[in-house]
Every structure is written in C-alpha cells, then in structure tokens.
Amino acid sequence: MSSGYRGRFAPSPTGAVHLGTARSALLGWLRARSVGGAFVLRMEDLDAPRVRPGAAARMLEDLRWLGLDWDEGPDVGGPFGPYTQSEKLTRYREVAGRLAREGHTYPCTCSRREIAELASAPHGEDGPIYPGTCRDGPSHPGQPSAARMRMPEPPPAFVDLVAGPSPEGLGRGDFVILRKDGVVAYQLACVVDDHDMGVTEVLRGDDLLASTPRQIALYRALGWTPPAFAHVPLVLGPDGARLAKRHGAIAIAALRDGGWSAEQIVGRLAQGAGLADTDTPRSAASLLQGFDLARLRREPARVEL
Ligand code: GLU
C-alpha cells in the first residue's frame, strides 16, 4: 500500500555518478522506501553545454547496480511524465508566461558581468545578490532580456527536516527563471516538475539549501503547496573540500571496474552518513529497517577509499 509519500532524485547528466551523487540517491531511496512511498527519478538536462552524451543512461545503470530502483522515471515511464526536462520546455515556458503576466517577474537586461562588477553588491551564498536594477524597467531597453523573479523581502523561511530552521536572509535577491538565451533556469524547472510529479518531500544535497527559499517563493506565486525539504550534508574528500574529480576514483563505475562490490560501496556510504557504525559491506535494502532521517549525521562525511 502506498503511503502518499512521493520522493524523487533529480540528477543532472553531466558526468558519472560519483560517491556524493550516490549517497544522495541512496538516502532519497531509503527515505521513500522506508515509509512505503513512491520514488521518482528525473533527469535535469537543461544545462545543455554541461550535459554529456550517454551520461543519463549510464547514471541509471550505476544507480541500479547499487541496488536502487524507482517507480517512475525516464526509462520506466509513469503517469506524470515526461521525466526528462528537455522534453518539457513548452510546459516551463507556459508557467514562466503566467508568472510574467501576473507581475511576479520582470524583464532584466543586465549582463552577468554588470552584476558581478557592482563592487558594492552584497554577496549571498551563491554569488552577488541582484541589486534590483531592472525592477522598475529594463536598464537597456530593447535589448534581449531574462525573466527575473521578484523575491519577497524577507525571503520565505522554512524548517528543513535535516538542516533545521533556515538561516535568516537565505536566498535573498531577485533571481532568473528564464535566461536571455531562452534556457529555462533550474529553479523554475525544478518547481514545475516537483509540483507536476506530486512530490511531497525533496531530499537533496545541502549545496541546494539556498535554492529552497527561491523555490518556495515560486510555489507561493503560483498558488501551489510546497513539498517538505530535507537537505543532507555533502560528501567531502580526504582534504575536507567538496568531493571532486581531483580526489581520484570517486566514480561508481570506476570503483566497480576496480573490483569494488555495490555492497562495499553502500557500506562505506552508510557509515559516512551515520547509518552504520562500521563500513561492513551491506545491501541498500538492508538499511531500510529502522531508517530514520533523525539518525543522519549532520556534518559532511569525508571519504577515503
Ligand atoms: N539537478 C540538480 C543537481 O544535480 C539537483 C536538483 C534537485 O535535487 O533539486 O545538482
């Protein structure tokens, strides 16, 4: 029997599944399955220059090899598809049009450089906070424009199921939902999809914490109910920096080719996440019994292989 819970994992097919991606997927899967819910897989492939041919299929293969499965996704279909963002552009543009008509967004002609060069611009968690230059009219009338969302001040606060109450001012500043070149921005596509797919809880890496107030603002503007949010700590390399290719063999496929079993990798990930005392090899399914978000370690895990 389904519990009504609907979780999802939404990777970008920009490379191989590495340990960090695998851990977020594993935790999302454990969360959904442990409460008898559905688990949805969605491919976020809108950032065309970063998308690697064949990466999406290889990601699904790696996640399956680790012992994960999903009820809906690009390869298995489902009632709320398409599950690949590049197949949904008309829908995103339609929602962007509605936001513009209702005055939630405005055309912005500022260039990235202009914004970066505002020496006095205060910086948020992810770059300079947009100072509102085009709020009352484009700074370069007649030039191509992006659609920028009016962010309420203060930004919406929320209580994260893992990270706790959001820090004051998180996500401040008007943000782009449709780029000048017509590319749909992550914030908009993510909200439209989580809404369309009936997602009740978003579990993802805490590098996206600052996106959450922006996404909640979009839900409110659209009159939609936001899901719950659970942001899990990232995986760090042995030097304490965010796990990256330079840390060596972190791709699941490379580990598999090097002789690691899925159970050995899951065992390591479980220990790092605080779900097991030792790194004893174990299956993903063996972690279901007693899985509880409250038991997750809140500090980032370091991996050493
Ligand atoms: N596609 C995003 C990423 O891979 C994740 C988006 C999300 O989980 O909301 O970073």
# chains A, B, ... in the order shown; residues from 1 in each chain; ligands from 1
$ residues_around --residues "segment 280-285 of chain A" --least-positions-apart "2" --cutoff "10 Å" --atoms "only C-alpha atoms" --output "PDB file with N, CA, C and O atoms, in the first residue's frame"
ATOM      1  N   LEU A  26      20.966   7.262  -2.553  1.00  0.00           N
ATOM      2  CA  LEU A  26      20.712   6.198  -1.569  1.00  0.00           C
ATOM      3  C   LEU A  26      19.811   6.711  -0.440  1.00  0.00           C
ATOM      4  O   LEU A  26      18.831   6.058  -0.061  1.00  0.00           O
ATOM      5  N   LEU A  27      20.113   7.902   0.066  1.00  0.00           N
ATOM      6  CA  LEU A  27      19.308   8.442   1.171  1.00  0.00           C
ATOM      7  C   LEU A  27      17.888   8.752   0.723  1.00  0.00           C
ATOM      8  O   LEU A  27      16.929   8.478   1.451  1.00  0.00           O
ATOM      9  N   TRP A  29      16.263   7.264  -1.679  1.00  0.00           N
ATOM     10  CA  TRP A  29      15.606   5.965  -1.881  1.00  0.00           C
ATOM     11  C   TRP A  29      15.214   5.352  -0.529  1.00  0.00           C
ATOM     12  O   TRP A  29      14.089   4.876  -0.360  1.00  0.00           O
ATOM     13  N   LEU A  30      16.144   5.414   0.441  1.00  0.00           N
ATOM     14  CA  LEU A  30      15.851   4.840   1.768  1.00  0.00           C
ATOM     15  C   LEU A  30      14.663   5.550   2.417  1.00  0.00           C
ATOM     16  O   LEU A  30      13.796   4.922   3.014  1.00  0.00           O
ATOM     17  N   ARG A  33      11.389   4.548   0.457  1.00  0.00           N
ATOM     18  CA  ARG A  33      11.018   3.142   0.648  1.00  0.00           C
ATOM     19  C   ARG A  33      10.707   2.817   2.100  1.00  0.00           C
ATOM     20  O   ARG A  33       9.861   1.976   2.384  1.00  0.00           O
ATOM     21  N   SER A  34      11.390   3.478   3.026  1.00  0.00           N
ATOM     22  CA  SER A  34      11.175   3.150   4.451  1.00  0.00           C
ATOM     23  C   SER A  34       9.803   3.617   4.933  1.00  0.00           C
ATOM     24  O   SER A  34       9.299   3.120   5.936  1.00  0.00           O
ATOM     25  N   LEU A  66      23.840  -0.218  -7.819  1.00  0.00           N
ATOM     26  CA  LEU A  66      23.977  -0.025  -6.367  1.00  0.00           C
ATOM     27  C   LEU A  66      22.820  -0.641  -5.586  1.00  0.00           C
ATOM     28  O   LEU A  66      22.875  -0.733  -4.359  1.00  0.00           O
ATOM     29  N   GLY A  67      21.760  -1.023  -6.287  1.00  0.00           N
ATOM     30  CA  GLY A  67      20.631  -1.671  -5.611  1.00  0.00           C
ATOM     31  C   GLY A  67      19.416  -0.775  -5.450  1.00  0.00           C
ATOM     32  O   GLY A  67      18.509  -1.080  -4.684  1.00  0.00           O
ATOM     33  N   LEU A  68      19.421   0.357  -6.163  1.00  0.00           N
ATOM     34  CA  LEU A  68      18.283   1.275  -6.066  1.00  0.00           C
ATOM     35  C   LEU A  68      17.297   1.018  -7.200  1.00  0.00           C
ATOM     36  O   LEU A  68      17.675   0.501  -8.254  1.00  0.00           O
ATOM     37  N   SER A 261      32.561  -4.051  -4.840  1.00  0.00           N
ATOM     38  CA  SER A 261      31.187  -4.533  -4.992  1.00  0.00           C
ATOM     39  C   SER A 261      30.246  -3.409  -4.581  1.00  0.00           C
ATOM     40  O   SER A 261      30.643  -2.480  -3.859  1.00  0.00           O
ATOM     41  N   ALA A 262      28.992  -3.501  -5.036  1.00  0.00           N
ATOM     42  CA  ALA A 262      27.993  -2.495  -4.657  1.00  0.00           C
ATOM     43  C   ALA A 262      27.863  -2.474  -3.126  1.00  0.00           C
ATOM     44  O   ALA A 262      27.751  -1.406  -2.515  1.00  0.00           O
ATOM     45  N   GLU A 263      27.913  -3.652  -2.512  1.00  0.00           N
ATOM     46  CA  GLU A 263      27.740  -3.728  -1.053  1.00  0.00           C
ATOM     47  C   GLU A 263      28.894  -3.032  -0.317  1.00  0.00           C
ATOM     48  O   GLU A 263      28.677  -2.420   0.728  1.00  0.00           O
ATOM     49  N   GLN A 264      30.087  -3.138  -0.860  1.00  0.00           N
ATOM     50  CA  GLN A 264      31.217  -2.447  -0.207  1.00  0.00           C
ATOM     51  C   GLN A 264      31.009  -0.926  -0.272  1.00  0.00           C
ATOM     52  O   GLN A 264      31.258  -0.213   0.698  1.00  0.00           O
ATOM     53  N   ILE A 265      30.554  -0.447  -1.417  1.00  0.00           N
ATOM     54  CA  ILE A 265      30.345   1.000  -1.564  1.00  0.00           C
ATOM     55  C   ILE A 265      29.203   1.458  -0.653  1.00  0.00           C
ATOM     56  O   ILE A 265      29.328   2.456   0.066  1.00  0.00           O
ATOM     57  N   VAL A 266      28.101   0.719  -0.670  1.00  0.00           N
ATOM     58  CA  VAL A 266      26.962   1.094   0.178  1.00  0.00           C
ATOM     59  C   VAL A 266      27.382   1.067   1.650  1.00  0.00           C
ATOM     60  O   VAL A 266      27.012   1.956   2.437  1.00  0.00           O
ATOM     61  N   GLY A 267      28.181   0.096   2.025  1.00  0.00           N
ATOM     62  CA  GLY A 267      28.671   0.016   3.411  1.00  0.00           C
ATOM     63  C   GLY A 267      29.446   1.267   3.809  1.00  0.00           C
ATOM     64  O   GLY A 267      29.251   1.838   4.882  1.00  0.00           O
ATOM     65  N   ARG A 268      30.320   1.704   2.910  1.00  0.00           N
ATOM     66  CA  ARG A 268      31.098   2.928   3.174  1.00  0.00           C
ATOM     67  C   ARG A 268      30.186   4.148   3.291  1.00  0.00           C
ATOM     68  O   ARG A 268      30.347   4.997   4.164  1.00  0.00           O
ATOM     69  N   LEU A 269      29.252   4.243   2.342  1.00  0.00           N
ATOM     70  CA  LEU A 269      28.343   5.407   2.327  1.00  0.00           C
ATOM     71  C   LEU A 269      27.488   5.419   3.595  1.00  0.00           C
ATOM     72  O   LEU A 269      27.256   6.480   4.186  1.00  0.00           O
ATOM     73  N   ALA A 270      27.041   4.249   4.013  1.00  0.00           N
ATOM     74  CA  ALA A 270      26.181   4.162   5.202  1.00  0.00           C
ATOM     75  C   ALA A 270      26.951   4.601   6.437  1.00  0.00           C
ATOM     76  O   ALA A 270      26.437   5.356   7.279  1.00  0.00           O
ATOM     77  N   GLN A 271      28.189   4.180   6.528  1.00  0.00           N
ATOM     78  CA  GLN A 271      28.984   4.598   7.686  1.00  0.00           C
ATOM     79  C   GLN A 271      29.202   6.112   7.665  1.00  0.00           C
ATOM     80  O   GLN A 271      29.027   6.790   8.677  1.00  0.00           O
ATOM     81  N   ALA A 276      25.457   3.510  10.000  1.00  0.00           N
ATOM     82  CA  ALA A 276      26.052   2.252  10.440  1.00  0.00           C
ATOM     83  C   ALA A 276      27.342   2.583  11.183  1.00  0.00           C
ATOM     84  O   ALA A 276      28.002   3.573  10.873  1.00  0.00           O
ATOM     85  N   ASP A 277      27.675   1.764  12.178  1.00  0.00           N
ATOM     86  CA  ASP A 277      28.877   2.031  12.974  1.00  0.00           C
ATOM     87  C   ASP A 277      30.152   1.638  12.236  1.00  0.00           C
ATOM     88  O   ASP A 277      31.211   2.195  12.476  1.00  0.00           O
ATOM     89  N   THR A 278      30.025   0.641  11.384  1.00  0.00           N
ATOM     90  CA  THR A 278      31.206   0.174  10.661  1.00  0.00           C
ATOM     91  C   THR A 278      30.929   0.241   9.165  1.00  0.00           C
ATOM     92  O   THR A 278      29.799   0.482   8.750  1.00  0.00           O
ATOM     93  N   LEU A 287      19.464  -1.532   4.791  1.00  0.00           N
ATOM     94  CA  LEU A 287      19.442  -0.312   5.611  1.00  0.00           C
ATOM     95  C   LEU A 287      18.021   0.218   5.829  1.00  0.00           C
ATOM     96  O   LEU A 287      17.819   1.202   6.550  1.00  0.00           O
ATOM     97  N   LEU A 288      17.058  -0.442   5.202  1.00  0.00           N
ATOM     98  CA  LEU A 288      15.683   0.070   5.279  1.00  0.00           C
ATOM     99  C   LEU A 288      15.096  -0.027   6.678  1.00  0.00           C
ATOM    100  O   LEU A 288      14.446   0.899   7.165  1.00  0.00           O
ATOM    101  N   GLN A 289      15.346  -1.155   7.309  1.00  0.00           N
ATOM    102  CA  GLN A 289      14.804  -1.397   8.638  1.00  0.00           C
ATOM    103  C   GLN A 289      15.317  -0.318   9.598  1.00  0.00           C
ATOM    104  O   GLN A 289      16.514  -0.161   9.763  1.00  0.00           O
TER     105      GLN A 289
END
$ residues_near_ligand --ligand "ligand 1" --cutoff "6 Å" --atoms "only C-alpha atoms and all ligand atoms" --output "tab-separated table (two decimals) with C-alpha atoms, in the first residue's frame"
chain	number	residue	atom	x	y	z
A	10	ALA	CA	16.87	14.55	-9.85
A	11	PRO	CA	20.43	14.25	-11.13
A	12	SER	CA	21.94	16.31	-13.94
A	44	GLU	CA	17.63	17.54	-15.20
A	204	ARG	CA	18.86	16.55	-1.83
$ residues_around --residues "Val40 of chain A" --least-positions-apart "4" --cutoff "10 Å" --atoms "only C-alpha atoms" --output "ChimeraX atom specification"
/A:6-10,28-29,32,69-74,77-78,80,83,194,197-199
$ closest_residue --among "A:His18, A:Arg302, A:Arg172, A:Arg93" --to "Arg214 of chain A" --atoms "only C-alpha atoms"
A:Arg172
$ residues_around --residues "segment 49-58 of chain A" --least-positions-apart "5" --cutoff "10 Å" --atoms "only C-alpha atoms" --output "list in words"
Pro11, Ser12, Pro13, Thr14, Gly15, Ala16, Val17, Arg42, Met43, Glu44, Leu63, Arg64, Pro74, Asp75, Thr84 and Ala253 of chain A
$ select_by_dssp --residues "segment 229-278 of chain A" --states "strand (DSSP E)" --output "PDB file with all heavy atoms, in the first residue's frame"
ATOM      1  N   PHE A 229      11.185  19.752   2.851  1.00  0.00           N
ATOM      2  CA  PHE A 229      12.564  19.722   2.367  1.00  0.00           C
ATOM      3  C   PHE A 229      13.482  19.050   3.377  1.00  0.00           C
ATOM      4  O   PHE A 229      13.354  19.271   4.587  1.00  0.00           O
ATOM      5  CB  PHE A 229      13.066  21.148   2.093  1.00  0.00           C
ATOM      6  CG  PHE A 229      12.378  21.790   0.919  1.00  0.00           C
ATOM      7  CD1 PHE A 229      11.249  22.587   1.094  1.00  0.00           C
ATOM      8  CD2 PHE A 229      12.834  21.572  -0.378  1.00  0.00           C
ATOM      9  CE1 PHE A 229      10.596  23.162   0.006  1.00  0.00           C
ATOM     10  CE2 PHE A 229      12.191  22.146  -1.473  1.00  0.00           C
ATOM     11  CZ  PHE A 229      11.070  22.939  -1.284  1.00  0.00           C
ATOM     12  N   ALA A 230      14.387  18.231   2.869  1.00  0.00           N
ATOM     13  CA  ALA A 230      15.402  17.565   3.704  1.00  0.00           C
ATOM     14  C   ALA A 230      16.728  17.681   2.968  1.00  0.00           C
ATOM     15  O   ALA A 230      16.920  17.048   1.928  1.00  0.00           O
ATOM     16  CB  ALA A 230      15.018  16.102   3.911  1.00  0.00           C
ATOM     17  N   HIS A 231      17.614  18.525   3.468  1.00  0.00           N
ATOM     18  CA  HIS A 231      18.911  18.720   2.815  1.00  0.00           C
ATOM     19  C   HIS A 231      19.990  17.956   3.562  1.00  0.00           C
ATOM     20  O   HIS A 231      20.222  18.203   4.744  1.00  0.00           O
ATOM     21  CB  HIS A 231      19.251  20.209   2.749  1.00  0.00           C
ATOM     22  CG  HIS A 231      18.425  20.949   1.734  1.00  0.00           C
ATOM     23  ND1 HIS A 231      17.178  21.453   2.017  1.00  0.00           N
ATOM     24  CD2 HIS A 231      18.662  21.226   0.424  1.00  0.00           C
ATOM     25  CE1 HIS A 231      16.687  22.034   0.916  1.00  0.00           C
ATOM     26  NE2 HIS A 231      17.562  21.903  -0.064  1.00  0.00           N
ATOM     27  N   VAL A 232      20.619  17.037   2.860  1.00  0.00           N
ATOM     28  CA  VAL A 232      21.610  16.176   3.520  1.00  0.00           C
ATOM     29  C   VAL A 232      23.022  16.693   3.250  1.00  0.00           C
ATOM     30  O   VAL A 232      23.287  17.268   2.195  1.00  0.00           O
ATOM     31  CB  VAL A 232      21.449  14.703   3.064  1.00  0.00           C
ATOM     32  CG1 VAL A 232      20.060  14.188   3.433  1.00  0.00           C
ATOM     33  CG2 VAL A 232      21.675  14.542   1.562  1.00  0.00           C
ATOM     34  N   VAL A 235      29.291  15.032   0.618  1.00  0.00           N
ATOM     35  CA  VAL A 235      30.441  14.166   0.865  1.00  0.00           C
ATOM     36  C   VAL A 235      31.696  14.969   0.527  1.00  0.00           C
ATOM     37  O   VAL A 235      31.755  15.628  -0.513  1.00  0.00           O
ATOM     38  CB  VAL A 235      30.383  12.910  -0.022  1.00  0.00           C
ATOM     39  CG1 VAL A 235      31.577  12.010   0.245  1.00  0.00           C
ATOM     40  CG2 VAL A 235      29.086  12.156   0.213  1.00  0.00           C
ATOM     41  N   LEU A 236      32.658  14.935   1.418  1.00  0.00           N
ATOM     42  CA  LEU A 236      33.904  15.665   1.181  1.00  0.00           C
ATOM     43  C   LEU A 236      35.048  14.691   0.901  1.00  0.00           C
ATOM     44  O   LEU A 236      34.990  13.528   1.297  1.00  0.00           O
ATOM     45  CB  LEU A 236      34.264  16.494   2.417  1.00  0.00           C
ATOM     46  CG  LEU A 236      33.188  17.467   2.918  1.00  0.00           C
ATOM     47  CD1 LEU A 236      33.701  18.229   4.139  1.00  0.00           C
ATOM     48  CD2 LEU A 236      32.795  18.445   1.813  1.00  0.00           C
TER      49      LEU A 236
END
$ residues_around --residues "Ser166 of chain A" --least-positions-apart "5" --cutoff "9 Å" --atoms "only C-alpha atoms" --output "VMD selection string"
chain A and resid 157 to 160 209 to 210 213
$ atom_distance --atom1 "atom CA of Gly223 of chain A" --atom2 "atom CA of Glu102 of chain A"
11.8 Å
$ atom_distance --atom1 "atom CA of Phe291 of chain A" --atom2 "atom CA of Trp65 of chain A"
21.0 Å
$ residues_around --residues "Arg112 of chain A" --least-positions-apart "2" --cutoff "12 Å" --atoms "only C-alpha atoms" --output "ChimeraX atom specification"
/A:108-110,114-118,127-130,145-146,176,179-180
